[in-house]
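As stored in run-v8.cif (mmCIF, C-alpha atoms):
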```
data_model
#
loop_
_atom_site.group_PDB
_atom_site.id
_atom_site.type_symbol
_atom_site.label_atom_id
_atom_site.label_comp_id
_atom_site.auth_asym_id
_atom_site.auth_seq_id
_atom_site.Cartn_x
_atom_site.Cartn_y
_atom_site.Cartn_z
ATOM 1 C CA MET A 86 -73.068 10.822 -112.176
ATOM 2 C CA GLY A 87 -72.369 12.924 -115.222
ATOM 3 C CA ALA A 88 -71.176 11.903 -118.639
ATOM 4 C CA PRO A 89 -67.774 10.197 -118.551
ATOM 5 C CA ASP A 90 -64.732 11.976 -119.895
ATOM 6 C CA MET A 91 -64.213 9.824 -122.971
ATOM 7 C CA LYS A 92 -60.583 10.803 -123.516
ATOM 8 C CA GLN A 93 -59.711 9.897 -119.941
ATOM 9 C CA LEU A 94 -61.792 6.719 -120.079
ATOM 10 C CA THR A 95 -60.123 5.689 -123.342
ATOM 11 C CA ALA A 96 -56.654 6.270 -121.901
ATOM 12 C CA HIS A 97 -57.489 4.206 -118.798
ATOM 13 C CA MET A 98 -59.001 1.431 -120.897
ATOM 14 C CA ARG A 99 -55.909 1.287 -123.106
ATOM 15 C CA ALA A 100 -53.737 0.963 -120.013
ATOM 16 C CA ILE A 101 -55.920 -1.791 -118.580
ATOM 17 C CA ALA A 102 -56.129 -3.644 -121.918
ATOM 18 C CA ALA A 103 -52.331 -3.550 -122.215
ATOM 19 C CA ALA A 104 -52.012 -5.329 -118.854
ATOM 20 C CA VAL A 105 -55.137 -7.500 -118.711
ATOM 21 C CA PRO A 106 -56.251 -9.781 -121.569
ATOM 22 C CA LEU A 107 -59.948 -8.875 -121.705
ATOM 23 C CA GLY A 108 -60.684 -9.960 -125.256
ATOM 24 C CA VAL A 109 -62.125 -13.294 -126.273
ATOM 25 C CA ILE A 110 -59.645 -16.058 -125.491
ATOM 26 C CA GLY A 111 -58.857 -17.918 -128.693
ATOM 27 C CA SER A 112 -55.857 -20.096 -127.919
ATOM 28 C CA ARG A 113 -54.120 -22.024 -125.178
ATOM 29 C CA LYS A 114 -51.436 -19.300 -125.075
ATOM 30 C CA ASN A 115 -54.084 -16.582 -124.516
ATOM 31 C CA TYR A 116 -55.771 -18.785 -121.919
ATOM 32 C CA ASN A 117 -52.536 -19.296 -119.981
ATOM 33 C CA ALA A 118 -51.842 -15.547 -120.049
ATOM 34 C CA ALA A 119 -55.369 -14.817 -118.795
ATOM 35 C CA VAL A 120 -55.083 -17.345 -115.963
ATOM 36 C CA ASP A 121 -51.710 -15.927 -114.966
ATOM 37 C CA CYS A 122 -53.138 -12.401 -114.945
ATOM 38 C CA LEU A 123 -56.181 -13.540 -112.945
ATOM 39 C CA ASN A 124 -53.916 -15.101 -110.329
ATOM 40 C CA HIS A 125 -52.038 -11.810 -109.977
ATOM 41 C CA LEU A 126 -55.295 -9.874 -109.638
ATOM 42 C CA LEU A 127 -56.497 -12.289 -106.970
ATOM 43 C CA ASP A 128 -53.182 -12.029 -105.115
ATOM 44 C CA ALA A 129 -53.566 -8.251 -105.175
ATOM 45 C CA GLY A 130 -56.887 -8.486 -103.353
ATOM 46 C CA GLY A 131 -59.319 -8.821 -106.229
ATOM 47 C CA ALA A 132 -61.046 -11.810 -104.604
ATOM 48 C CA ASP A 133 -62.617 -9.403 -102.105
ATOM 49 C CA GLU A 134 -65.847 -8.160 -103.684
ATOM 50 C CA SER A 135 -65.307 -4.696 -102.219
ATOM 51 C CA HIS A 136 -61.814 -4.362 -103.726
ATOM 52 C CA PRO A 137 -61.433 -2.011 -106.726
ATOM 53 C CA LEU A 138 -60.116 -4.929 -108.825
ATOM 54 C CA ALA A 139 -63.114 -7.197 -108.113
ATOM 55 C CA ALA A 140 -65.026 -6.202 -111.266
ATOM 56 C CA LEU A 141 -61.938 -6.879 -113.365
ATOM 57 C CA VAL A 142 -61.509 -10.267 -111.690
ATOM 58 C CA ALA A 143 -65.144 -11.128 -112.441
ATOM 59 C CA LEU A 144 -64.854 -10.093 -116.087
ATOM 60 C CA LEU A 145 -61.607 -11.966 -116.661
ATOM 61 C CA GLY A 146 -62.970 -14.982 -114.791
ATOM 62 C CA GLU A 147 -65.980 -15.053 -117.130
ATOM 63 C CA ARG A 148 -63.699 -14.969 -120.175
ATOM 64 C CA ILE A 149 -61.615 -17.834 -118.778
ATOM 65 C CA ALA A 150 -64.677 -19.912 -117.872
ATOM 66 C CA SER A 151 -66.137 -19.381 -121.340
ATOM 67 C CA TRP A 152 -62.956 -20.637 -122.998
ATOM 68 C CA GLU A 153 -62.715 -23.618 -120.633
ATOM 69 C CA GLN A 154 -66.290 -24.609 -121.367
ATOM 70 C CA LYS A 155 -65.659 -24.540 -125.102
ATOM 71 C CA ALA A 156 -62.197 -26.090 -124.980
ATOM 72 C CA ARG A 157 -62.870 -28.745 -122.374
ATOM 73 C CA PRO A 158 -66.555 -29.416 -121.788
ATOM 74 C CA LEU A 159 -67.112 -31.227 -118.520
ATOM 75 C CA PRO A 160 -68.432 -34.761 -118.804
ATOM 76 C CA GLN A 161 -71.850 -35.326 -117.302
ATOM 77 C CA ALA A 162 -71.702 -37.135 -113.977
ATOM 78 C CA ASP A 163 -74.291 -38.062 -111.401
ATOM 79 C CA GLU A 164 -73.979 -36.994 -107.768
ATOM 80 C CA ALA A 165 -72.417 -40.312 -106.721
ATOM 81 C CA GLN A 166 -69.696 -39.987 -109.375
ATOM 82 C CA VAL A 167 -69.008 -36.390 -108.365
ATOM 83 C CA LEU A 168 -68.796 -37.304 -104.689
ATOM 84 C CA ARG A 169 -66.534 -40.283 -105.425
ATOM 85 C CA PHE A 170 -64.253 -38.040 -107.508
ATOM 86 C CA LEU A 171 -64.050 -35.412 -104.738
ATOM 87 C CA LEU A 172 -63.274 -38.050 -102.118
ATOM 88 C CA THR A 173 -60.458 -39.405 -104.285
ATOM 89 C CA GLN A 174 -59.081 -35.956 -105.158
ATOM 90 C CA HIS A 175 -58.946 -34.965 -101.494
ATOM 91 C CA GLY A 176 -57.738 -38.311 -100.157
ATOM 92 C CA LEU A 177 -60.838 -38.763 -98.005
ATOM 93 C CA THR A 178 -62.868 -41.771 -96.971
ATOM 94 C CA GLN A 179 -66.592 -42.147 -96.460
ATOM 95 C CA ALA A 180 -66.078 -41.649 -92.730
ATOM 96 C CA ASP A 181 -64.546 -38.213 -93.400
ATOM 97 C CA LEU A 182 -67.897 -36.697 -94.424
ATOM 98 C CA PRO A 183 -69.861 -36.111 -91.201
ATOM 99 C CA GLU A 184 -71.709 -33.261 -92.912
ATOM 100 C CA VAL A 185 -73.390 -35.865 -95.147
ATOM 101 C CA GLY A 186 -74.132 -38.376 -92.406
ATOM 102 C CA SER A 187 -72.812 -41.647 -91.140
ATOM 103 C CA GLN A 188 -70.482 -43.821 -93.180
ATOM 104 C CA GLY A 189 -73.514 -45.952 -94.017
ATOM 105 C CA VAL A 190 -75.395 -42.956 -95.445
ATOM 106 C CA VAL A 191 -72.385 -41.973 -97.555
ATOM 107 C CA SER A 192 -72.069 -45.573 -98.751
ATOM 108 C CA GLU A 193 -75.732 -45.615 -99.829
ATOM 109 C CA ILE A 194 -75.248 -42.344 -101.728
ATOM 110 C CA LEU A 195 -72.144 -43.671 -103.482
ATOM 111 C CA ALA A 196 -74.045 -46.864 -104.389
ATOM 112 C CA GLY A 197 -76.907 -44.841 -105.862
ATOM 113 C CA LYS A 198 -79.397 -46.114 -103.273
ATOM 114 C CA ARG A 199 -79.906 -42.692 -101.730
ATOM 115 C CA ARG A 200 -79.848 -39.138 -103.090
ATOM 116 C CA LEU A 201 -78.120 -36.138 -101.579
ATOM 117 C CA ASN A 202 -80.496 -33.611 -100.044
ATOM 118 C CA VAL A 203 -80.182 -29.827 -100.287
ATOM 119 C CA ARG A 204 -78.478 -29.486 -96.882
ATOM 120 C CA GLN A 205 -75.897 -32.133 -97.783
ATOM 121 C CA ILE A 206 -75.225 -30.572 -101.189
ATOM 122 C CA GLU A 207 -74.717 -27.135 -99.647
ATOM 123 C CA ALA A 208 -72.360 -28.575 -97.013
ATOM 124 C CA LEU A 209 -70.346 -30.501 -99.615
ATOM 125 C CA ALA A 210 -70.134 -27.509 -101.951
ATOM 126 C CA ALA A 211 -68.837 -25.368 -99.079
ATOM 127 C CA ARG A 212 -66.354 -28.028 -97.972
ATOM 128 C CA PHE A 213 -64.912 -28.619 -101.431
ATOM 129 C CA GLY A 214 -65.176 -25.000 -102.626
ATOM 130 C CA THR A 215 -67.369 -25.813 -105.585
ATOM 131 C CA SER A 216 -70.755 -24.831 -106.890
ATOM 132 C CA PRO A 217 -73.708 -26.893 -105.660
ATOM 133 C CA ALA A 218 -74.564 -27.307 -109.357
ATOM 134 C CA VAL A 219 -71.816 -29.915 -109.799
ATOM 135 C CA PHE A 220 -73.998 -32.383 -107.905
ATOM 136 C CA PHE A 221 -76.822 -32.081 -110.438
ATOM 137 C CA ALA A 222 -76.371 -33.970 -113.681
ATOM 138 C CA ALA A 223 -77.759 -32.238 -116.755
ATOM 139 C CA PRO A 224 -80.654 -34.092 -118.363
ATOM 140 C CA SER A 225 -79.631 -36.245 -121.299
ATOM 141 C CA ALA A 226 -80.656 -35.068 -124.716
#
```
Written form, structure tokens:
Amino acid sequence: MGAPDMKQLTAHMRAIAAAVPLGVIGSRKNYNAAVDCLNHLLDAGGADESHPLAALVALLGERIASWEQKARPLPQADEAQVLRFLLTQHGLTQADLPEVGSQGVVSEILAGKRRLNVRQIEALAARFGTSPAVFFAAPSA
């Protein structure tokens, strides 16, 4: 790959920057515009890692996540609290989680008497479309 044509690259970047908010998000208005743009990029196929828009989706997603982390830091929760929240959000009961185990196993986890194992965490993360990291509470300072 040779040296990029800077005039052409600059023109393309100006066009992209006019349509996609790639700068640091500094306000709720900028955040809403970025989320709206991200949704359009995803609808256009950008969720597929092989799609030409995938890199743009990743970059914009990082900007959005950075703003969300600063604007609304997530409270620390243990795995039982996270699981309880997900059950409530999805209208599920303990019996609706066969990937974790029996209703008794789920009950013990929710009561803090048992910990989730790696297989259970991976299954729950896949089921709820979240990162496995949400089941690990950060150490207290």
Do a neighbour search on region 165-177 of chain A at 9 Å with all atoms listed in the file, toss out local chain neighbours closer than 4 positions, and write the hits as a PyMOL selection string. chain A and resi 181-182+194-197+200-201+209+213+219-220
Output of the above residues as a PDB file, in the coordinates of the input, restricted to C-alpha atoms:
```
ATOM      1  CA  ASP A 181     -64.546 -38.213 -93.400  1.00  0.00           C
ATOM      2  CA  LEU A 182     -67.897 -36.697 -94.424  1.00  0.00           C
ATOM      3  CA  ILE A 194     -75.248 -42.344-101.728  1.00  0.00           C
ATOM      4  CA  LEU A 195     -72.144 -43.671-103.482  1.00  0.00           C
ATOM      5  CA  ALA A 196     -74.045 -46.864-104.389  1.00  0.00           C
ATOM      6  CA  GLY A 197     -76.907 -44.841-105.862  1.00  0.00           C
ATOM      7  CA  ARG A 200     -79.848 -39.138-103.090  1.00  0.00           C
ATOM      8  CA  LEU A 201     -78.120 -36.138-101.579  1.00  0.00           C
ATOM      9  CA  LEU A 209     -70.346 -30.501 -99.615  1.00  0.00           C
ATOM     10  CA  PHE A 213     -64.912 -28.619-101.431  1.00  0.00           C
ATOM     11  CA  VAL A 219     -71.816 -29.915-109.799  1.00  0.00           C
ATOM     12  CA  PHE A 220     -73.998 -32.383-107.905  1.00  0.00           C
TER      13      PHE A 220
END
```
Nearest to Ala150 (chain A) among A:Leu127, A:Ala132, A:Val120, A:Ala162, with distances taken over only C-alpha atoms: which residue is it?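 Distance minimum relative to Ala150 (chain A) lands on A:Val120.
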Skip region 112-117 of chain A itself and residues of its chain fewer than 3 positions away, then list as a ChimeraX atom specification all residues within 10 Å of it, counting only C-alpha atoms. /A:106,108-109,120-123,148-150,152-153,156
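Going from CA of Gly130 (chain A) to CA of Gln93 (chain A) covers 24.9 Å.
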Need the axis-aligned box for region 141-155 of chain A with 5 Å each side, so what are the centre and edges in Å to one decimal, as AutoDock Vina command-line options?
```
--center_x -63.9 --center_y -15.7 --center_z -118.4 --size_x 14.8 --size_y 27.7 --size_z 23.4
```
Result set, the PyMOL selection byres ((chain A and resi 205) around 10) on current file, as a ChimeraX atom specification: /A:182-186,200-204,206-211,217
What is the CA of His97 (chain A)-CA of Asp133 (chain A) distance in Å, reported with one decimal?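 So the answer is 22.1 Å.
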Would you mind reading off the distance between CA of Leu126 (chain A) and CA of Met98 (chain A), one decimal, in Å?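 The value is 16.4 Å.
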Can you sort out region 174-185 of chain A so it carries all heavy atoms, written as a PDB file, in the coordinates of the input?
```
ATOM      1  N   GLN A 174     -59.944 -37.129-104.978  1.00  0.00           N
ATOM      2  CA  GLN A 174     -59.081 -35.956-105.158  1.00  0.00           C
ATOM      3  C   GLN A 174     -58.549 -35.411-103.840  1.00  0.00           C
ATOM      4  O   GLN A 174     -57.447 -34.886-103.787  1.00  0.00           O
ATOM      5  CB  GLN A 174     -59.845 -34.843-105.875  1.00  0.00           C
ATOM      6  CG  GLN A 174     -60.045 -35.087-107.343  1.00  0.00           C
ATOM      7  CD  GLN A 174     -58.742 -35.124-108.098  1.00  0.00           C
ATOM      8  OE1 GLN A 174     -58.297 -36.193-108.492  1.00  0.00           O
ATOM      9  NE2 GLN A 174     -58.128 -34.008-108.320  1.00  0.00           N
ATOM     10  N   HIS A 175     -59.339 -35.529-102.790  1.00  0.00           N
ATOM     11  CA  HIS A 175     -58.946 -34.965-101.494  1.00  0.00           C
ATOM     12  C   HIS A 175     -58.419 -36.018-100.530  1.00  0.00           C
ATOM     13  O   HIS A 175     -58.139 -35.711 -99.372  1.00  0.00           O
ATOM     14  CB  HIS A 175     -60.128 -34.201-100.883  1.00  0.00           C
ATOM     15  CG  HIS A 175     -60.487 -32.979-101.660  1.00  0.00           C
ATOM     16  ND1 HIS A 175     -59.925 -31.751-101.420  1.00  0.00           N
ATOM     17  CD2 HIS A 175     -61.331 -32.799-102.710  1.00  0.00           C
ATOM     18  CE1 HIS A 175     -60.409 -30.867-102.273  1.00  0.00           C
ATOM     19  NE2 HIS A 175     -61.249 -31.467-103.067  1.00  0.00           N
ATOM     20  N   GLY A 176     -58.277 -37.242-100.991  1.00  0.00           N
ATOM     21  CA  GLY A 176     -57.738 -38.311-100.157  1.00  0.00           C
ATOM     22  C   GLY A 176     -58.602 -38.600 -98.937  1.00  0.00           C
ATOM     23  O   GLY A 176     -58.083 -38.878 -97.854  1.00  0.00           O
ATOM     24  N   LEU A 177     -59.916 -38.554 -99.118  1.00  0.00           N
ATOM     25  CA  LEU A 177     -60.838 -38.763 -98.005  1.00  0.00           C
ATOM     26  C   LEU A 177     -61.529 -40.120 -98.110  1.00  0.00           C
ATOM     27  O   LEU A 177     -61.579 -40.722 -99.180  1.00  0.00           O
ATOM     28  CB  LEU A 177     -61.910 -37.660 -97.989  1.00  0.00           C
ATOM     29  CG  LEU A 177     -61.402 -36.226 -97.848  1.00  0.00           C
ATOM     30  CD1 LEU A 177     -62.551 -35.240 -98.027  1.00  0.00           C
ATOM     31  CD2 LEU A 177     -60.732 -36.026 -96.505  1.00  0.00           C
ATOM     32  N   THR A 178     -62.072 -40.551 -96.992  1.00  0.00           N
ATOM     33  CA  THR A 178     -62.868 -41.771 -96.971  1.00  0.00           C
ATOM     34  C   THR A 178     -64.315 -41.405 -96.677  1.00  0.00           C
ATOM     35  O   THR A 178     -64.622 -40.253 -96.334  1.00  0.00           O
ATOM     36  CB  THR A 178     -62.377 -42.743 -95.881  1.00  0.00           C
ATOM     37  OG1 THR A 178     -62.631 -42.159 -94.602  1.00  0.00           O
ATOM     38  CG2 THR A 178     -60.891 -43.049 -96.035  1.00  0.00           C
ATOM     39  N   GLN A 179     -65.183 -42.380 -96.743  1.00  0.00           N
ATOM     40  CA  GLN A 179     -66.592 -42.147 -96.460  1.00  0.00           C
ATOM     41  C   GLN A 179     -66.789 -41.618 -95.033  1.00  0.00           C
ATOM     42  O   GLN A 179     -67.664 -40.789 -94.790  1.00  0.00           O
ATOM     43  CB  GLN A 179     -67.390 -43.433 -96.641  1.00  0.00           C
ATOM     44  CG  GLN A 179     -67.411 -43.923 -98.068  1.00  0.00           C
ATOM     45  CD  GLN A 179     -68.098 -45.263 -98.218  1.00  0.00           C
ATOM     46  OE1 GLN A 179     -68.798 -45.714 -97.332  1.00  0.00           O
ATOM     47  NE2 GLN A 179     -67.907 -45.901 -99.370  1.00  0.00           N
ATOM     48  N   ALA A 180     -65.963 -42.072 -94.131  1.00  0.00           N
ATOM     49  CA  ALA A 180     -66.078 -41.649 -92.730  1.00  0.00           C
ATOM     50  C   ALA A 180     -65.663 -40.191 -92.529  1.00  0.00           C
ATOM     51  O   ALA A 180     -65.962 -39.609 -91.488  1.00  0.00           O
ATOM     52  CB  ALA A 180     -65.224 -42.556 -91.847  1.00  0.00           C
ATOM     53  N   ASP A 181     -65.015 -39.598 -93.518  1.00  0.00           N
ATOM     54  CA  ASP A 181     -64.546 -38.213 -93.400  1.00  0.00           C
ATOM     55  C   ASP A 181     -65.607 -37.183 -93.795  1.00  0.00           C
ATOM     56  O   ASP A 181     -65.294 -36.005 -93.935  1.00  0.00           O
ATOM     57  CB  ASP A 181     -63.300 -38.004 -94.284  1.00  0.00           C
ATOM     58  CG  ASP A 181     -62.106 -38.819 -93.823  1.00  0.00           C
ATOM     59  OD1 ASP A 181     -61.943 -38.985 -92.607  1.00  0.00           O
ATOM     60  OD2 ASP A 181     -61.353 -39.293 -94.700  1.00  0.00           O
ATOM     61  N   LEU A 182     -66.839 -37.615 -93.998  1.00  0.00           N
ATOM     62  CA  LEU A 182     -67.897 -36.697 -94.424  1.00  0.00           C
ATOM     63  C   LEU A 182     -69.051 -36.634 -93.413  1.00  0.00           C
ATOM     64  O   LEU A 182     -70.197 -36.962 -93.745  1.00  0.00           O
ATOM     65  CB  LEU A 182     -68.441 -37.110 -95.797  1.00  0.00           C
ATOM     66  CG  LEU A 182     -67.463 -37.060 -96.959  1.00  0.00           C
ATOM     67  CD1 LEU A 182     -68.122 -37.548 -98.234  1.00  0.00           C
ATOM     68  CD2 LEU A 182     -66.917 -35.655 -97.145  1.00  0.00           C
ATOM     69  N   PRO A 183     -68.780 -36.179 -92.192  1.00  0.00           N
ATOM     70  CA  PRO A 183     -69.861 -36.111 -91.201  1.00  0.00           C
ATOM     71  C   PRO A 183     -70.981 -35.159 -91.609  1.00  0.00           C
ATOM     72  O   PRO A 183     -72.113 -35.313 -91.164  1.00  0.00           O
ATOM     73  CB  PRO A 183     -69.156 -35.631 -89.931  1.00  0.00           C
ATOM     74  CG  PRO A 183     -67.945 -34.909 -90.420  1.00  0.00           C
ATOM     75  CD  PRO A 183     -67.520 -35.639 -91.675  1.00  0.00           C
ATOM     76  N   GLU A 184     -70.673 -34.193 -92.474  1.00  0.00           N
ATOM     77  CA  GLU A 184     -71.709 -33.261 -92.912  1.00  0.00           C
ATOM     78  C   GLU A 184     -72.759 -33.941 -93.791  1.00  0.00           C
ATOM     79  O   GLU A 184     -73.855 -33.427 -93.969  1.00  0.00           O
ATOM     80  CB  GLU A 184     -71.110 -32.044 -93.632  1.00  0.00           C
ATOM     81  CG  GLU A 184     -70.296 -32.373 -94.874  1.00  0.00           C
ATOM     82  CD  GLU A 184     -68.812 -32.541 -94.601  1.00  0.00           C
ATOM     83  OE1 GLU A 184     -68.426 -33.469 -93.838  1.00  0.00           O
ATOM     84  OE2 GLU A 184     -68.030 -31.755 -95.141  1.00  0.00           O
ATOM     85  N   VAL A 185     -72.434 -35.112 -94.338  1.00  0.00           N
ATOM     86  CA  VAL A 185     -73.390 -35.865 -95.147  1.00  0.00           C
ATOM     87  C   VAL A 185     -74.181 -36.812 -94.257  1.00  0.00           C
ATOM     88  O   VAL A 185     -75.376 -36.994 -94.434  1.00  0.00           O
ATOM     89  CB  VAL A 185     -72.654 -36.653 -96.260  1.00  0.00           C
ATOM     90  CG1 VAL A 185     -73.608 -37.568 -96.999  1.00  0.00           C
ATOM     91  CG2 VAL A 185     -71.983 -35.695 -97.221  1.00  0.00           C
TER      92      VAL A 185
END
```
